[in-house]
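**Student:** Quick one: structure below, then a few questions.
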Amino acid sequence: MGAINTIRPLKRLPQPPVHFDIDPVRNAGNLFSRLWQFYCALAAKRRSRLALDELSTHLLDDIGVSESQARRESAVPFWR
């Protein structure tokens with residue numbers, strides 16, 4: 001590297017952006033993409049049911065759900 005390059009670096013072309021997520025529009029027919037979306041939906045249901053199970057009675061009252069309703073919903077398997 002010469003002295004000129006250290007004072008004024010070479011201009012480089014901008015790099016295209018890197019996408020690590022799955023674009024549902026671009027990969028709509030991709031089997032892996034559809035399976036991944038299905039898995040993410042099931043995982044989100046499971047996380048929300050586990051969070052519902054951990055709520056206290058006064059928080060359940062705030063959202064208008066009885067304790068028995070919350071426990072029944074949290075016991076539902078993730079595939080339903």
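Just remember, in the structure tokens the first chain shown is A, the second B, etc., residues are 1-based per chain, and ligands are 1-based in the order shown.
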Please provide as a list in words all residues within 6 Å of region 73-76 of chain A, with the sequence filter that same-chain residues fewer than 3 positions apart are discarded (counting only C-alpha atoms).
**Tutor:**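 Contacts, with the query itself left out: Arg49, Asp53 and Ala70 of chain A.
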**Student:** Using CA of Phe78 (chain A) and CA of Arg46 (chain A) as the two end points, give the distance in Å to one decimal.
**Tutor:** 5.4 Å
**Student:** Let me make sure I understand: among A:Gln37, A:Gln15, A:Ser68, A:Asn30, which one has the smallest atom-to-atom distance to Ser56 (chain A) if we use only C-alpha atoms?
**Tutor:**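 Ranking A:Gln37, A:Gln15, A:Ser68, A:Asn30 by distance to Ser56 (chain A), first place goes to A:Ser68.
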**Student:** Report, in Å with one decimal, the straight-line distance from CA of Cys40 (chain A) to CA of Leu59 (chain A).
**Tutor:**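 These atoms are spaced 26.6 Å apart.
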**Student:** Mind pulling up the distance from CA of Ala51 (chain A) to CA of Glu67 (chain A)?
**Tutor:**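 One can read the CA of Glu67 (chain A) to CA of Ala51 (chain A) distance as 13.2 Å.
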